[in-house]
Every structure is written in C-alpha cells, then in structure tokens.
>>> print(open('protein_23.pdb').read())   # PDB, C-alpha atoms
ATOM      1  CA  MET A   1      -9.378  13.548  14.550  1.00  0.00           C
ATOM      2  CA  THR A   2     -10.207  11.043  11.809  1.00  0.00           C
ATOM      3  CA  ARG A   3     -11.555   7.514  11.730  1.00  0.00           C
ATOM      4  CA  ALA A   4      -9.496   4.669  10.265  1.00  0.00           C
ATOM      5  CA  ASP A   5     -10.531   1.003  10.427  1.00  0.00           C
ATOM      6  CA  GLY A   6     -12.634   1.393  13.579  1.00  0.00           C
ATOM      7  CA  PHE A   7     -10.008   3.450  15.377  1.00  0.00           C
ATOM      8  CA  LEU A   8      -9.863   7.145  16.049  1.00  0.00           C
ATOM      9  CA  VAL A   9      -6.599   8.725  14.898  1.00  0.00           C
ATOM     10  CA  ARG A  10      -5.352  11.841  16.633  1.00  0.00           C
ATOM     11  CA  SER A  11      -1.915  13.401  16.891  1.00  0.00           C
ATOM     12  CA  GLY A  12      -0.054  10.292  15.750  1.00  0.00           C
ATOM     13  CA  TRP A  13      -1.590   7.943  18.348  1.00  0.00           C
ATOM     14  CA  LEU A  14      -4.472   5.532  18.152  1.00  0.00           C
ATOM     15  CA  LEU A  15      -7.406   6.070  20.427  1.00  0.00           C
ATOM     16  CA  ARG A  16      -9.841   3.204  20.862  1.00  0.00           C
ATOM     17  CA  ARG A  17     -13.446   3.620  21.933  1.00  0.00           C
ATOM     18  CA  VAL A  18     -14.238   1.276  24.816  1.00  0.00           C
ATOM     19  CA  ALA A  19     -17.767   0.001  24.244  1.00  0.00           C
ATOM     20  CA  VAL A  20     -18.626  -0.840  27.862  1.00  0.00           C
ATOM     21  CA  VAL A  21     -17.394   2.317  29.546  1.00  0.00           C
ATOM     22  CA  GLY A  22     -17.750   4.733  26.642  1.00  0.00           C
ATOM     23  CA  THR A  23     -14.419   6.456  27.268  1.00  0.00           C
ATOM     24  CA  LEU A  24     -11.281   6.771  25.201  1.00  0.00           C
ATOM     25  CA  THR A  25      -8.111   4.953  26.156  1.00  0.00           C
ATOM     26  CA  CYS A  26      -4.689   5.603  24.716  1.00  0.00           C
ATOM     27  CA  ILE A  27      -2.809   2.786  23.010  1.00  0.00           C
ATOM     28  CA  THR A  28       0.895   3.472  23.111  1.00  0.00           C
ATOM     29  CA  THR A  29       1.628   2.577  19.485  1.00  0.00           C
ATOM     30  CA  PRO A  30       2.338   5.251  16.901  1.00  0.00           C
ATOM     31  CA  THR A  31      -0.065   5.183  13.974  1.00  0.00           C
ATOM     32  CA  VAL A  32       0.948   3.981  10.595  1.00  0.00           C
ATOM     33  CA  LEU A  33      -2.660   3.655   9.450  1.00  0.00           C
ATOM     34  CA  ALA A  34      -3.297   7.376   9.232  1.00  0.00           C
ATOM     35  CA  MET A  35      -3.610   8.692   5.695  1.00  0.00           C
ATOM     36  CA  ASP A  36      -2.301  12.067   4.612  1.00  0.00           C
ATOM     37  CA  PRO A  37      -5.197  14.419   5.535  1.00  0.00           C
ATOM     38  CA  ASP A  38      -5.098  16.123   2.141  1.00  0.00           C
ATOM     39  CA  VAL A  39      -5.344  12.762   0.363  1.00  0.00           C
ATOM     40  CA  ALA A  40      -8.107  11.562   2.711  1.00  0.00           C
ATOM     41  CA  PHE A  41     -10.116  14.703   1.959  1.00  0.00           C
ATOM     42  CA  GLN A  42      -9.641  14.235  -1.796  1.00  0.00           C
ATOM     43  CA  VAL A  43     -10.661  10.561  -1.582  1.00  0.00           C
ATOM     44  CA  ARG A  44     -13.872  11.545   0.232  1.00  0.00           C
ATOM     45  CA  ALA A  45     -14.559  14.216  -2.392  1.00  0.00           C
ATOM     46  CA  ARG A  46     -13.998  11.737  -5.231  1.00  0.00           C
ATOM     47  CA  LYS A  47     -16.304   9.189  -3.603  1.00  0.00           C
ATOM     48  CA  THR A  48     -19.014  11.808  -3.169  1.00  0.00           C
ATOM     49  CA  GLU A  49     -18.615  12.948  -6.762  1.00  0.00           C
ATOM     50  CA  VAL A  50     -18.780   9.518  -8.436  1.00  0.00           C
ATOM     51  CA  ALA A  51     -21.176   7.684  -6.084  1.00  0.00           C
ATOM     52  CA  PRO A  52     -24.349   8.791  -7.942  1.00  0.00           C
ATOM     53  CA  LEU A  53     -22.815   7.720 -11.268  1.00  0.00           C
ATOM     54  CA  CYS A  54     -21.381   4.331 -10.291  1.00  0.00           C
ATOM     55  CA  ALA A  55     -24.446   2.140 -10.828  1.00  0.00           C
ATOM     56  CA  ALA A  56     -24.867   3.384 -14.397  1.00  0.00           C
ATOM     57  CA  LEU A  57     -21.124   3.323 -15.193  1.00  0.00           C
ATOM     58  CA  LEU A  58     -20.672  -0.223 -13.927  1.00  0.00           C
ATOM     59  CA  ALA A  59     -23.612  -1.401 -16.062  1.00  0.00           C
ATOM     60  CA  LEU A  60     -22.041  -0.063 -19.274  1.00  0.00           C
ATOM     61  CA  LYS A  61     -20.089  -2.651 -21.284  1.00  0.00           C
ATOM     62  CA  SER A  62     -18.019  -0.160 -23.274  1.00  0.00           C
ATOM     63  CA  LEU A  63     -17.069   3.340 -22.225  1.00  0.00           C
ATOM     64  CA  GLN A  64     -16.675   5.982 -24.910  1.00  0.00           C
ATOM     65  CA  GLU A  65     -14.961   8.842 -23.083  1.00  0.00           C
ATOM     66  CA  PRO A  66     -11.839   8.861 -20.894  1.00  0.00           C
ATOM     67  CA  THR A  67     -13.831  10.703 -18.214  1.00  0.00           C
ATOM     68  CA  GLN A  68     -16.263   7.786 -17.979  1.00  0.00           C
ATOM     69  CA  THR A  69     -13.408   5.294 -17.736  1.00  0.00           C
ATOM     70  CA  TYR A  70     -11.816   7.431 -15.002  1.00  0.00           C
ATOM     71  CA  GLN A  71     -15.078   7.544 -13.050  1.00  0.00           C
ATOM     72  CA  LYS A  72     -15.614   3.786 -13.436  1.00  0.00           C
ATOM     73  CA  ALA A  73     -12.062   3.182 -12.196  1.00  0.00           C
ATOM     74  CA  LEU A  74     -12.845   5.247  -9.099  1.00  0.00           C
ATOM     75  CA  CYS A  75     -16.034   3.215  -8.508  1.00  0.00           C
ATOM     76  CA  LEU A  76     -13.979   0.014  -8.635  1.00  0.00           C
ATOM     77  CA  LEU A  77     -11.127   1.449  -6.576  1.00  0.00           C
ATOM     78  CA  TYR A  78     -13.381   2.590  -3.746  1.00  0.00           C
ATOM     79  CA  GLY A  79     -15.874  -0.280  -3.973  1.00  0.00           C
ATOM     80  CA  ILE A  80     -18.951   1.861  -4.723  1.00  0.00           C
ATOM     81  CA  HIS A  81     -21.908  -0.256  -5.959  1.00  0.00           C
ATOM     82  CA  ALA A  82     -19.497  -3.160  -6.568  1.00  0.00           C
ATOM     83  CA  PRO A  83     -16.873  -5.107  -4.659  1.00  0.00           C
ATOM     84  CA  GLU A  84     -13.550  -3.298  -4.409  1.00  0.00           C
ATOM     85  CA  GLN A  85     -11.307  -4.259  -7.349  1.00  0.00           C
ATOM     86  CA  THR A  86      -8.097  -2.397  -6.607  1.00  0.00           C
ATOM     87  CA  ALA A  87      -5.826  -4.125  -9.150  1.00  0.00           C
ATOM     88  CA  ARG A  88      -8.276  -3.623 -12.028  1.00  0.00           C
ATOM     89  CA  ALA A  89      -8.923  -0.012 -11.025  1.00  0.00           C
ATOM     90  CA  LEU A  90      -5.196   0.747 -10.817  1.00  0.00           C
ATOM     91  CA  ASP A  91      -4.681  -0.768 -14.281  1.00  0.00           C
ATOM     92  CA  MET A  92      -7.471   1.414 -15.684  1.00  0.00           C
ATOM     93  CA  LEU A  93      -5.971   4.510 -14.034  1.00  0.00           C
ATOM     94  CA  ARG A  94      -2.492   3.637 -15.372  1.00  0.00           C
ATOM     95  CA  GLN A  95      -3.910   3.502 -18.905  1.00  0.00           C
ATOM     96  CA  LEU A  96      -5.617   6.883 -18.475  1.00  0.00           C
ATOM     97  CA  ALA A  97      -2.898   8.650 -16.501  1.00  0.00           C
ATOM     98  CA  PRO A  98      -0.600   9.705 -19.362  1.00  0.00           C
ATOM     99  CA  ALA A  99      -3.389  11.814 -20.867  1.00  0.00           C
ATOM    100  CA  LEU A 100      -5.460  12.804 -17.805  1.00  0.00           C
ATOM    101  CA  ALA A 101      -3.890  14.750 -14.920  1.00  0.00           C
ATOM    102  CA  GLU A 102      -6.756  13.928 -12.549  1.00  0.00           C
ATOM    103  CA  ALA A 103      -6.108  10.206 -13.172  1.00  0.00           C
ATOM    104  CA  GLN A 104      -2.421  10.771 -12.371  1.00  0.00           C
ATOM    105  CA  LEU A 105      -3.376  12.317  -9.058  1.00  0.00           C
ATOM    106  CA  ALA A 106      -5.931   9.604  -8.210  1.00  0.00           C
ATOM    107  CA  LEU A 107      -3.439   6.869  -9.104  1.00  0.00           C
ATOM    108  CA  ALA A 108      -0.690   8.429  -6.987  1.00  0.00           C
ATOM    109  CA  ASP A 109      -3.126   8.891  -4.088  1.00  0.00           C
ATOM    110  CA  ALA A 110      -4.045   5.201  -4.268  1.00  0.00           C
ATOM    111  CA  LEU A 111      -0.397   4.090  -4.356  1.00  0.00           C
ATOM    112  CA  GLN A 112       1.110   6.444  -1.768  1.00  0.00           C
ATOM    113  CA  ASP A 113       0.251   4.282   1.260  1.00  0.00           C
ATOM    114  CA  GLY A 114       1.518   1.054  -0.312  1.00  0.00           C
ATOM    115  CA  PRO A 115       4.908  -0.642  -0.167  1.00  0.00           C
ATOM    116  CA  VAL A 116       8.083   1.136  -1.284  1.00  0.00           C
ATOM    117  CA  VAL A 117       7.687   0.120  -4.942  1.00  0.00           C
ATOM    118  CA  GLN A 118       4.203   1.643  -5.053  1.00  0.00           C
ATOM    119  CA  GLN A 119       5.417   4.763  -3.234  1.00  0.00           C
ATOM    120  CA  GLN A 120       8.129   5.214  -5.883  1.00  0.00           C
ATOM    121  CA  GLU A 121       5.484   4.910  -8.593  1.00  0.00           C
ATOM    122  CA  ALA A 122       3.281   7.390  -6.694  1.00  0.00           C
ATOM    123  CA  LEU A 123       6.179   9.884  -6.616  1.00  0.00           C
ATOM    124  CA  ARG A 124       6.476   9.560 -10.399  1.00  0.00           C
ATOM    125  CA  TRP A 125       2.746  10.146 -10.981  1.00  0.00           C
ATOM    126  CA  TYR A 126       2.701  13.060  -8.529  1.00  0.00           C
ATOM    127  CA  GLY A 127       5.628  14.535 -10.467  1.00  0.00           C
ATOM    128  CA  LEU A 128       3.794  14.216 -13.789  1.00  0.00           C
ATOM    129  CA  ALA A 129       0.625  15.763 -12.343  1.00  0.00           C
ATOM    130  CA  ALA A 130       2.674  18.592 -10.829  1.00  0.00           C
ATOM    131  CA  ALA A 131       4.356  19.173 -14.203  1.00  0.00           C
ATOM    132  CA  ALA A 132       0.873  19.409 -15.718  1.00  0.00           C
ATOM    133  CA  GLY A 133       0.149  22.252 -13.287  1.00  0.00           C
ATOM    134  CA  ASP A 134      -1.626  20.514 -10.388  1.00  0.00           C
ATOM    135  CA  VAL A 135      -0.541  22.293  -7.197  1.00  0.00           C
ATOM    136  CA  ARG A 136      -1.981  19.549  -4.974  1.00  0.00           C
ATOM    137  CA  ALA A 137       0.326  17.026  -6.632  1.00  0.00           C
ATOM    138  CA  SER A 138       3.504  18.975  -5.887  1.00  0.00           C
ATOM    139  CA  ALA A 139       2.604  19.312  -2.196  1.00  0.00           C
ATOM    140  CA  ARG A 140       1.718  15.619  -1.918  1.00  0.00           C
ATOM    141  CA  GLN A 141       4.892  14.644  -3.741  1.00  0.00           C
ATOM    142  CA  ALA A 142       6.983  16.649  -1.263  1.00  0.00           C
ATOM    143  CA  ARG A 143       5.247  15.079   1.757  1.00  0.00           C
ATOM    144  CA  LEU A 144       5.562  11.548   0.347  1.00  0.00           C
ATOM    145  CA  LEU A 145       9.220  12.117  -0.483  1.00  0.00           C
ATOM    146  CA  GLN A 146       9.830  13.177   3.137  1.00  0.00           C
ATOM    147  CA  ARG A 147       8.077  10.031   4.392  1.00  0.00           C
ATOM    148  CA  VAL A 148      10.082   7.787   2.058  1.00  0.00           C
ATOM    149  CA  GLN A 149      13.373   9.403   3.061  1.00  0.00           C
ATOM    150  CA  ALA A 150      12.498   9.228   6.757  1.00  0.00           C
ATOM    151  CA  SER A 151      11.674   5.530   6.484  1.00  0.00           C
ATOM    152  CA  ARG A 152      15.077   4.856   4.906  1.00  0.00           C
ATOM    153  CA  ALA A 153      17.106   6.866   7.416  1.00  0.00           C
ATOM    154  CA  PRO A 154      18.855   4.664   9.979  1.00  0.00           C
ATOM    155  CA  GLU A 155      18.274   5.453  13.622  1.00  0.00           C
ATOM    156  CA  VAL A 156      21.476   6.788  15.127  1.00  0.00           C
ATOM    157  CA  PRO A 157      21.830   6.101  18.838  1.00  0.00           C
ATOM    158  CA  ILE A 158      22.843   9.074  20.972  1.00  0.00           C
ATOM    159  CA  PRO A 159      26.010   8.253  22.914  1.00  0.00           C
ATOM    160  CA  ILE A 160      25.787   8.770  26.672  1.00  0.00           C
ATOM    161  CA  ASN A 161      28.842   9.319  28.842  1.00  0.00           C
ATOM    162  CA  ASP A 162      28.090   6.988  31.771  1.00  0.00           C
ATOM    163  CA  GLY A 163      31.333   8.005  33.500  1.00  0.00           C
ATOM    164  CA  ASP A 164      30.158  11.600  34.044  1.00  0.00           C
ATOM    165  CA  PRO A 165      27.038  11.827  36.247  1.00  0.00           C
ATOM    166  CA  PHE A 166      26.474  15.435  35.158  1.00  0.00           C
ATOM    167  CA  SER A 167      26.635  14.837  31.429  1.00  0.00           C
ATOM    168  CA  ASP A 168      23.741  15.738  29.188  1.00  0.00           C
ATOM    169  CA  PRO A 169      22.039  12.413  28.356  1.00  0.00           C
ATOM    170  CA  PHE A 170      20.170  14.023  25.448  1.00  0.00           C
ATOM    171  CA  GLY A 171      23.160  15.205  23.438  1.00  0.00           C
ATOM    172  CA  ASN A 172      26.606  14.160  22.339  1.00  0.00           C
ATOM    173  CA  SER A 173      28.220  14.301  25.769  1.00  0.00           C
ATOM    174  CA  ASP A 174      31.514  12.728  24.641  1.00  0.00           C
ATOM    175  CA  SER A 175      32.437  15.925  22.797  1.00  0.00           C
ATOM    176  CA  LEU A 176      31.746  18.116  25.852  1.00  0.00           C
ATOM    177  CA  PRO A 177      34.293  19.066  28.525  1.00  0.00           C
ATOM    178  CA  PRO A 178      34.189  17.176  31.855  1.00  0.00           C
ATOM    179  CA  GLY A 179      31.733  18.686  34.308  1.00  0.00           C
ATOM    180  CA  TYR A 180      29.539  20.133  31.582  1.00  0.00           C
ATOM    181  CA  HIS A 181      25.946  19.484  32.553  1.00  0.00           C
ATOM    182  CA  CYS A 182      22.395  20.664  32.094  1.00  0.00           C
ATOM    183  CA  HIS A 183      19.532  21.609  34.354  1.00  0.00           C
ATOM    184  CA  PHE A 184      16.056  20.872  33.075  1.00  0.00           C
ATOM    185  CA  TYR A 185      13.129  23.074  33.993  1.00  0.00           C
ATOM    186  CA  GLY A 186       9.449  22.781  33.160  1.00  0.00           C
ATOM    187  CA  LEU A 187       8.054  23.190  29.665  1.00  0.00           C
ATOM    188  CA  GLY A 188      11.185  21.937  27.938  1.00  0.00           C
ATOM    189  CA  LYS A 189      13.527  24.659  29.200  1.00  0.00           C
ATOM    190  CA  LYS A 190      17.134  23.649  29.682  1.00  0.00           C
ATOM    191  CA  VAL A 191      20.194  25.521  30.945  1.00  0.00           C
ATOM    192  CA  CYS A 192      23.610  23.963  30.341  1.00  0.00           C
ATOM    193  CA  HIS A 193      27.016  25.056  31.611  1.00  0.00           C
ATOM    194  CA  GLY A 194      30.494  23.798  32.447  1.00  0.00           C
ATOM    195  CA  ASN A 195      32.815  24.011  35.447  1.00  0.00           C
ATOM    196  CA  GLY A 196      33.041  27.393  37.149  1.00  0.00           C
ATOM    197  CA  MET A 197      29.962  28.738  35.412  1.00  0.00           C
ATOM    198  CA  ASP A 198      27.518  28.297  38.316  1.00  0.00           C
TER     199      ASP A 198
END
>>> encode(input="protein_23.pdb", output="structure tokens")
Amino acid sequence: MTRADGFLVRSGWLLRRVAVVGTLTCITTPTVLAMDPDVAFQVRARKTEVAPLCAALLALKSLQEPTQTYQKALCLLYGIHAPEQTARALDMLRQLAPALAEAQLALADALQDGPVVQQQEALRWYGLAAAAGDVRASARQARLLQRVQASRAPEVPIPINDGDPFSDPFGNSDSLPPGYHCHFYGLGKKVCHGNGMD
C-alpha cells in the first residue's frame, strides 16, 4: 500500500481515509495515479541521497562536474530546498543523459507517467540505459512498453448469444453448438458441456 496525493493506493483501487469515522472506504475507480513501485522506490532513494546536498548545490552559480549538475537537476525535479522546476530539471537531465547512465534512468523515470510523447521518450532513454548495462532500465522499459501497448489496444466487446439462454456469456458463444452451456461454481470454477453430456 502506497500513498499518492492524499490517497492510499492498494491493488489497483483508491482507498480514502474518512477523517470523521477513521475507517477506509472503497472508491470504485481504478487508479491511474499509482506509480510503478520500482520507480517510486528509486525516486525516494534519489530524494534521500540528494536532500542533504541540495541547499549547497542550488547556491552554486556554476557547476564543474556532471555529477553536481545531475544532483542539482534532481533537487529541481523533486522540489528539494526550492520550488519544483520540472521543465528546467528535465532539460538539464537531457543534456547530461547521453554521457551519464544514471541521468538516463532518472530522466526516463520522470517521463514515464506523462503523456504518450513523454512515454515514447522514456522508452528511448530506458533503452539507452539498458544498453549501457543498467538492469533496472530494461525491466522498467518492458513494463512501460506493456502499459503503452495496453493503452493503445481497442476494447473488443464479447458477443453474447441472446437467443440461447444456456450460452456462455463470458466467451464467444456464437461459435459454440446450440445447447452448449456452462455451470459456474465457487472460486472461479466453471464446467461447460453441450447437449447429451449431462
């Protein structure tokens, strides 16, 4: 269970804490706010790592090393010791990314929850980080690619044969012989058969 924008996220559903009663109630909307758990963990780790350095990095006018620029970009991206400046931070990470695999991963992590154009860019940066040998990047690239493909796939309605009261409403009943039907038992068990098979 994780926290996202004041909501508790668990198993693909939002749970909201009711202040007066102190109980949890289920909201029947699937979550789209939930971040990939691996990415969320990495973001927390990055924040913890750069938080002590942010005040000093933000005070510097010119940064000498790419590592310092990367850390300053993270401070701006996550809004540590300064207001969040996502566009500026992403630009800094884009400049660093060709030479720094960790910047590629951070950039892709920041883009992966955005619109389709940003997700496509995130796939590219994950691919470059994976090619540089980062195992986390290849796993995240695969999961993001699945999400992108699933969002593009059209929903295909399942045809139901209304003329046959015994047809299986959960499958393609038009391709089944007349009289073919299913019995549903507890825990998702199902037995199907046709005429003369009782």
>>> resolve_selection(input="protein_23.pdb", expression="the PyMOL selection byres ((chain A and resi 91) around 12)", output="list in words")
Thr69, Tyr70, Lys72, Ala73, Leu74, Leu76, Leu77, Gln85, Thr86, Ala87, Arg88, Ala89, Leu90, Met92, Leu93, Arg94, Gln95, Leu96, Ala97, Ala103, Gln104, Leu107, Ala110 and Leu111 of chain A
>>> resolve_selection(input="protein_23.pdb", expression="the PyMOL selection byres ((chain A and resi 120) around 12)", output="PyMOL selection string")
chain A and resi 108-109+111-119+121-127+141+144-145+147-149
>>> atom_distance(input="protein_23.pdb", atom1="CA of Ala139 (chain A)", atom2="CA of Lys47 (chain A)")
21.5 Å
>>> atom_distance(input="protein_23.pdb", atom1="CA of Leu63 (chain A)", atom2="CA of Arg44 (chain A)")
24.1 Å
>>> residues_near_point(input="protein_23.pdb", point="(-3.5, 17.6, 3.5)", cutoff="12 Å", atoms="all atoms listed in the file", output="PyMOL selection string")
chain A and resi 34-43+109+136-144
>>> atom_distance(input="protein_23.pdb", atom1="CA of His81 (chain A)", atom2="CA of Thr67 (chain A)")
18.3 Å
